[in-house]
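**Student:** My structure is below; once you've seen it, I'll send some questions.
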Amino acid sequence: KKSFNSKIAKYSLLAGAALVTLNACKKDDNNDNDNNDPNISDHDIDPDLSLTAPTNNADSYLLDVNNDGTNDLKFSTGTYIYSYYGYTYDYGYVEVEGLNNTKIVTSQQAISINGSTINKTVANALSEGNSVSPSSTIWSNFGYLGIKGTYYNAPISAGQFLAQDKYVGFQFSASGSTHYGWVRVSVAADAKSFSLKEYAYHTVANEAIKAGDK
């Protein structure tokens with residue numbers, strides 16, 4: 001089933017054609033921090049940025065975490081629905097990509113499809129209070145939040161965010177230094193929609209941050 005990887009990669013390229021570029025323009029550009037650590041720049045996305053996957057296409061949001069004109073993260077969702085030689089494919093996905101050297105806290109997940117096993121990189125679903133720091137592993141520039149549906153007539157399910165409201169941990173570069181942060185994301189059970197709710201990062205370089213810290 002090697003074609004699964006290539007089909008996903010090829011289809012993900014369609015996201016560029018339907019890209020919704022927000023660059024955090026809908027967020028409150030001022031630090032929403034009203035308590036706790038003054039070195040944490042936190043932003044409530046109000047209203048939530050919600051995106052539903054179009055049929056056989058993809059849409060994305062670009063997020064400029066520190067509003068410096070450089071996009072740091074891209075969240076995408078898409079669907080793939082077709083039949084081929086008697087096989088049915090009908091699945092959705094939500095993924096996050098780190099841009100401009102931004103990395104995401106991830107892990108590997110094995111997916112079984114008709115007796116074959118493939119490994120996919122998935123974003124770790126952090127709970128409130130989990131640390132994002134230099135010791136976090138594994139750092140990757142891409143991860144699935146969820147994949148759900150049918151592939152080769154078989155059910156497929158992967159990712160830690162399905163039907164969850166959790167945090168993505170990330171690191172990004174600003175003025176040559178590394179900063180750590182989180183994004184709160186809610187993903188639908190069918191992996192065909194998601195909502196971005198809030199995010200934050202530590203303004204002090206190389207300082208750890210806990211998911212949900214403000």
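Ligands are numbered from 1 in the order shown, residues from 1 within each chain, and chains are lettered A, B, ... in the order they appear in the structure tokens.
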Compile the contact shell of Tyr201 of chain A as a PyMOL selection string: residues with an atom at most 6 Å away, counting only C-alpha atoms, same-chain residues fewer than 4 positions apart removed.
**Tutor:** chain A and resi 40-41+180-181
**Student:** Residues of the last selection are to be written out with N, CA and C atoms, as a PDB file, in the first residue's frame.
**Tutor:**
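And here's part06.pdb as it stands now:
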ATOM      1  N   ILE A  40       4.688  35.794  28.576  1.00  0.00           N
ATOM      2  CA  ILE A  40       3.949  34.946  27.644  1.00  0.00           C
ATOM      3  C   ILE A  40       2.974  35.811  26.854  1.00  0.00           C
ATOM      4  N   SER A  41       3.129  35.782  25.541  1.00  0.00           N
ATOM      5  CA  SER A  41       2.237  36.515  24.647  1.00  0.00           C
ATOM      6  C   SER A  41       1.137  35.554  24.213  1.00  0.00           C
ATOM      7  N   TYR A 180       9.204  28.940  22.226  1.00  0.00           N
ATOM      8  CA  TYR A 180       8.292  27.810  22.346  1.00  0.00           C
ATOM      9  C   TYR A 180       6.870  28.301  22.584  1.00  0.00           C
ATOM     10  N   GLY A 181       5.901  27.558  22.012  1.00  0.00           N
ATOM     11  CA  GLY A 181       4.521  27.984  22.145  1.00  0.00           C
ATOM     12  C   GLY A 181       3.540  26.850  21.949  1.00  0.00           C
TER      13      GLY A 181
END
**Student:** As a PyMOL selection string, which residues of segment 19-170 of chain A does DSSP assign to strand (DSSP E)?
**Tutor:** chain A and resi 19-20+40-52+58-63+73-84+87-98+103-113+116-123+131-132+139-140+142-151+154-158+164-170
**Student:** Do you have the atom CA of Glu95 of chain A-atom CA of Asn119 of chain A distance handy?
**Tutor:** 15.2 Å
**Student:** Quick one: everything within 10 Å of Ser50 of chain A, counting only C-alpha atoms, minus sequence neighbours fewer than 2 positions away in the same chain. Send it as a ChimeraX atom specification.
**Tutor:** /A:47-48,52,61,185-187,193-197
**Student:** Mind checking which residues fall within 12 Å of Ser175 of chain A, counting only C-alpha atoms, ignoring those fewer than 4 positions away in the same chain, and posting them as JSON, numbers by chain?
**Tutor:** {"A": [66, 68, 70, 179, 203, 204, 205]}
**Student:** Enter the distance from atom CA of Asn71 of chain A to atom CA of Ala174 of chain A, in Å, rounded to one decimal.
**Tutor:** 11.3 Å
**Student:** Leu145 of chain A: which residues within 9 Å, counting only C-alpha atoms, same-chain residues fewer than 2 positions away excluded, as a short mmCIF file (atom, residue, chain, number, x, y, z; two decimals) with N, CA and C atoms, in the first residue's frame?
**Tutor:**
data_model
loop_
_atom_site.label_atom_id
_atom_site.label_comp_id
_atom_site.auth_asym_id
_atom_site.auth_seq_id
_atom_site.Cartn_x
_atom_site.Cartn_y
_atom_site.Cartn_z
N TYR A 93 -8.84 14.56 6.31
CA TYR A 93 -7.64 14.72 7.12
C TYR A 93 -7.51 16.16 7.60
N VAL A 94 -6.83 16.32 8.71
CA VAL A 94 -6.41 17.63 9.22
C VAL A 94 -4.93 17.51 9.54
N GLU A 95 -4.15 18.48 9.09
CA GLU A 95 -2.70 18.42 9.28
C GLU A 95 -2.16 19.79 9.64
N VAL A 96 -0.97 19.79 10.22
CA VAL A 96 -0.28 21.04 10.54
C VAL A 96 1.13 20.96 9.97
N VAL A 122 2.37 12.07 13.41
CA VAL A 122 1.18 12.74 13.94
C VAL A 122 1.60 13.76 14.99
N ALA A 123 0.86 14.86 15.03
CA ALA A 123 1.10 15.87 16.06
C ALA A 123 0.63 15.35 17.40
N ASN A 124 1.43 15.54 18.43
CA ASN A 124 1.04 15.12 19.77
C ASN A 124 -0.08 16.01 20.30
N ALA A 125 -1.14 15.39 20.82
CA ALA A 125 -2.25 16.13 21.41
C ALA A 125 -1.90 16.40 22.87
N GLY A 143 2.84 17.22 10.79
CA GLY A 143 2.17 16.16 11.54
C GLY A 143 0.68 16.16 11.25
N ILE A 147 -6.73 11.60 10.63
CA ILE A 147 -7.11 11.01 9.35
C ILE A 147 -8.24 10.03 9.67
N ALA A 158 -6.37 7.62 12.25
CA ALA A 158 -5.07 7.95 12.83
C ALA A 158 -5.10 9.38 13.35
N GLY A 159 -4.16 9.69 14.21
CA GLY A 159 -4.07 11.03 14.77
C GLY A 159 -4.63 11.09 16.18
N GLN A 160 -4.10 12.00 16.97
CA GLN A 160 -4.47 12.11 18.38
C GLN A 160 -5.52 13.18 18.65
N PHE A 161 -5.95 13.91 17.61
CA PHE A 161 -6.87 15.04 17.81
C PHE A 161 -8.31 14.73 17.41
N LEU A 162 -8.60 13.54 16.89
CA LEU A 162 -9.95 13.24 16.44
C LEU A 162 -10.95 13.40 17.59
N VAL A 168 -1.39 21.88 20.26
CA VAL A 168 -0.22 21.57 19.45
C VAL A 168 0.97 22.34 20.02
N VAL A 187 -10.64 19.34 16.61
CA VAL A 187 -10.77 18.61 15.34
C VAL A 187 -12.02 17.74 15.39
N ALA A 191 -12.52 14.14 10.87
CA ALA A 191 -11.30 14.78 10.33
C ALA A 191 -11.58 15.61 9.09
#
**Student:** Find the residues around His202 of chain A up to 10 Å (only C-alpha atoms counted), leave out those fewer than 3 positions away in its own chain, and share them as a ChimeraX atom specification.
**Tutor:** /A:37-42,171,178-182,205-210,213-214
**Student:** Keeping N, CA and C atoms, export the residues of the selection given above as an mmCIF file, in the first residue's frame.
**Tutor:**
data_model
loop_
_atom_site.group_PDB
_atom_site.id
_atom_site.type_symbol
_atom_site.label_atom_id
_atom_site.label_comp_id
_atom_site.auth_asym_id
_atom_site.auth_seq_id
_atom_site.Cartn_x
_atom_site.Cartn_y
_atom_site.Cartn_z
ATOM 1 N N ASP A 37 2.078 35.063 33.742
ATOM 2 C CA ASP A 37 3.424 35.407 33.285
ATOM 3 C C ASP A 37 3.405 36.523 32.239
ATOM 4 N N PRO A 38 4.003 37.684 32.543
ATOM 5 C CA PRO A 38 4.028 38.781 31.567
ATOM 6 C C PRO A 38 4.923 38.491 30.370
ATOM 7 N N ASN A 39 5.735 37.421 30.436
ATOM 8 C CA ASN A 39 6.608 37.061 29.326
ATOM 9 C C ASN A 39 5.943 36.118 28.336
ATOM 10 N N ILE A 40 4.688 35.794 28.576
ATOM 11 C CA ILE A 40 3.949 34.946 27.644
ATOM 12 C C ILE A 40 2.974 35.811 26.854
ATOM 13 N N SER A 41 3.129 35.782 25.541
ATOM 14 C CA SER A 41 2.237 36.515 24.647
ATOM 15 C C SER A 41 1.137 35.554 24.213
ATOM 16 N N ASP A 42 -0.074 35.776 24.734
ATOM 17 C CA ASP A 42 -1.173 34.870 24.415
ATOM 18 C C ASP A 42 -2.260 35.607 23.649
ATOM 19 N N GLN A 171 7.856 25.068 18.175
ATOM 20 C CA GLN A 171 8.980 25.990 18.363
ATOM 21 C C GLN A 171 9.160 26.753 17.062
ATOM 22 N N THR A 178 15.218 30.847 19.320
ATOM 23 C CA THR A 178 14.132 29.871 19.352
ATOM 24 C C THR A 178 13.158 30.176 20.482
ATOM 25 N N HIS A 179 11.869 30.142 20.146
ATOM 26 C CA HIS A 179 10.817 30.376 21.128
ATOM 27 C C HIS A 179 9.837 29.211 21.090
ATOM 28 N N TYR A 180 9.204 28.940 22.226
ATOM 29 C CA TYR A 180 8.292 27.810 22.346
ATOM 30 C C TYR A 180 6.870 28.301 22.584
ATOM 31 N N GLY A 181 5.901 27.558 22.012
ATOM 32 C CA GLY A 181 4.521 27.984 22.145
ATOM 33 C C GLY A 181 3.540 26.850 21.949
ATOM 34 N N TRP A 182 2.280 27.183 21.960
ATOM 35 C CA TRP A 182 1.209 26.206 21.770
ATOM 36 C C TRP A 182 0.055 26.821 20.987
ATOM 37 N N ALA A 205 13.596 33.851 24.799
ATOM 38 C CA ALA A 205 14.172 32.780 23.984
ATOM 39 C C ALA A 205 14.557 31.576 24.818
ATOM 40 N N ASN A 206 14.291 30.392 24.289
ATOM 41 C CA ASN A 206 14.683 29.099 24.870
ATOM 42 C C ASN A 206 13.991 28.772 26.201
ATOM 43 N N GLU A 207 12.968 29.534 26.569
ATOM 44 C CA GLU A 207 12.227 29.266 27.798
ATOM 45 C C GLU A 207 11.050 28.331 27.502
ATOM 46 N N ALA A 208 10.878 27.338 28.358
ATOM 47 C CA ALA A 208 9.767 26.403 28.193
ATOM 48 C C ALA A 208 8.434 27.090 28.473
ATOM 49 N N ILE A 209 7.385 26.520 27.908
ATOM 50 C CA ILE A 209 6.028 27.015 28.161
ATOM 51 C C ILE A 209 5.138 25.793 28.365
ATOM 52 N N LYS A 210 4.133 25.907 29.208
ATOM 53 C CA LYS A 210 3.179 24.831 29.402
ATOM 54 C C LYS A 210 1.936 25.095 28.550
ATOM 55 N N ASP A 213 -0.697 27.891 29.178
ATOM 56 C CA ASP A 213 -0.142 29.016 29.955
ATOM 57 C C ASP A 213 -0.458 30.340 29.288
ATOM 58 N N LYS A 214 -0.806 31.324 30.123
ATOM 59 C CA LYS A 214 -1.105 32.676 29.647
ATOM 60 C C LYS A 214 -0.429 33.694 30.550
#
**Student:** Can you list, as a list of chain:residue names, all residues belonging to segment 4-211 of chain A that DSSP tags as helix (DSSP H, G or I)?
**Tutor:**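 Result set for segment 4-211 of chain A (helix (DSSP H, G or I)): A:Phe4, A:Asn5, A:Ser6, A:Lys7, A:Ile8, A:Ala9, A:Lys10, A:Tyr11, A:Ser12, A:Leu13, A:Leu14, A:Ala15, A:Gly16, A:Ala17, A:Ala18.
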**Student:** Residues within 10 Å of Arg184 of chain A, please, as a PyMOL selection string. Count only C-alpha atoms; anything in the same chain fewer than 3 positions from it doesn't count.
**Tutor:** chain A and resi 44-45+125-128+165-169+195-200+211-212
**Student:** How about saving the chosen residues, N, CA and C atoms kept, as an mmCIF file, in the first residue's frame?
**Tutor:**
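Output contents, as saved in result39.cif:
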data_model
loop_
_atom_site.group_PDB
_atom_site.id
_atom_site.type_symbol
_atom_site.label_atom_id
_atom_site.label_comp_id
_atom_site.auth_asym_id
_atom_site.auth_seq_id
_atom_site.Cartn_x
_atom_site.Cartn_y
_atom_site.Cartn_z
ATOM 1 N N ASP A 44 -6.299 35.125 22.167
ATOM 2 C CA ASP A 44 -7.569 34.434 22.009
ATOM 3 C C ASP A 44 -8.100 34.731 20.607
ATOM 4 N N ILE A 45 -8.345 33.699 19.816
ATOM 5 C CA ILE A 45 -8.868 33.884 18.464
ATOM 6 C C ILE A 45 -10.391 33.971 18.577
ATOM 7 N N ALA A 125 -1.140 15.391 20.816
ATOM 8 C CA ALA A 125 -2.247 16.131 21.413
ATOM 9 C C ALA A 125 -1.901 16.401 22.869
ATOM 10 N N LEU A 126 -1.411 17.602 23.138
ATOM 11 C CA LEU A 126 -0.996 17.961 24.486
ATOM 12 C C LEU A 126 -2.198 18.373 25.326
ATOM 13 N N SER A 127 -2.179 17.991 26.583
ATOM 14 C CA SER A 127 -3.193 18.434 27.537
ATOM 15 C C SER A 127 -2.706 19.686 28.236
ATOM 16 N N GLU A 128 -3.617 20.424 28.826
ATOM 17 C CA GLU A 128 -3.248 21.633 29.559
ATOM 18 C C GLU A 128 -2.244 21.278 30.641
ATOM 19 N N ASP A 165 -10.256 18.436 21.772
ATOM 20 C CA ASP A 165 -9.890 19.850 21.884
ATOM 21 C C ASP A 165 -8.599 19.882 22.687
ATOM 22 N N LYS A 166 -7.460 19.952 21.977
ATOM 23 C CA LYS A 166 -6.153 19.797 22.609
ATOM 24 C C LYS A 166 -5.181 20.863 22.103
ATOM 25 N N TYR A 167 -3.916 20.715 22.479
ATOM 26 C CA TYR A 167 -2.888 21.695 22.154
ATOM 27 C C TYR A 167 -1.795 21.103 21.274
ATOM 28 N N VAL A 168 -1.386 21.881 20.264
ATOM 29 C CA VAL A 168 -0.217 21.567 19.452
ATOM 30 C C VAL A 168 0.968 22.339 20.016
ATOM 31 N N GLY A 169 2.037 21.656 20.333
ATOM 32 C CA GLY A 169 3.245 22.326 20.803
ATOM 33 C C GLY A 169 4.160 22.632 19.635
ATOM 34 N N SER A 195 -11.104 23.773 14.199
ATOM 35 C CA SER A 195 -11.204 25.158 14.671
ATOM 36 C C SER A 195 -9.939 25.512 15.440
ATOM 37 N N LEU A 196 -9.382 26.684 15.122
ATOM 38 C CA LEU A 196 -8.279 27.246 15.905
ATOM 39 C C LEU A 196 -8.881 28.181 16.943
ATOM 40 N N LYS A 197 -8.483 28.020 18.221
ATOM 41 C CA LYS A 197 -9.150 28.743 19.299
ATOM 42 C C LYS A 197 -8.270 29.776 19.997
ATOM 43 N N GLU A 198 -7.038 29.464 20.229
ATOM 44 C CA GLU A 198 -6.128 30.398 20.889
ATOM 45 C C GLU A 198 -4.705 29.883 20.750
ATOM 46 N N TYR A 199 -3.760 30.744 20.992
ATOM 47 C CA TYR A 199 -2.359 30.333 20.941
ATOM 48 C C TYR A 199 -1.521 31.262 21.805
ATOM 49 N N ALA A 200 -0.306 30.834 22.105
ATOM 50 C CA ALA A 200 0.596 31.632 22.931
ATOM 51 C C ALA A 200 2.026 31.195 22.678
ATOM 52 N N ALA A 211 1.392 24.040 27.985
ATOM 53 C CA ALA A 211 0.186 24.175 27.182
ATOM 54 C C ALA A 211 -0.916 24.824 28.019
ATOM 55 N N GLY A 212 -1.483 25.900 27.470
ATOM 56 C CA GLY A 212 -2.523 26.630 28.183
ATOM 57 C C GLY A 212 -2.028 27.791 29.004
#
**Student:** Could you check how far atom CA of Pro54 of chain A sits from atom CA of Thr88 of chain A, in Å to one decimal?
**Tutor:** 18.3 Å
**Student:** A:Lys74, A:Ser112, A:Ser136, A:Pro155: which is nearest Val183 of chain A, counting only C-alpha atoms?
**Tutor:**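 Among the listed residues, the smallest separation from Val183 of chain A belongs to A:Lys74.
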**Student:** Using only C-alpha atoms for the distances, tell me which of A:Leu63, A:Ala189, A:Val105, A:Ile138 is nearest to Phe75 of chain A.
**Tutor:**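 Among A:Leu63, A:Ala189, A:Val105, A:Ile138, it is A:Leu63 that comes nearest to Phe75 of chain A.
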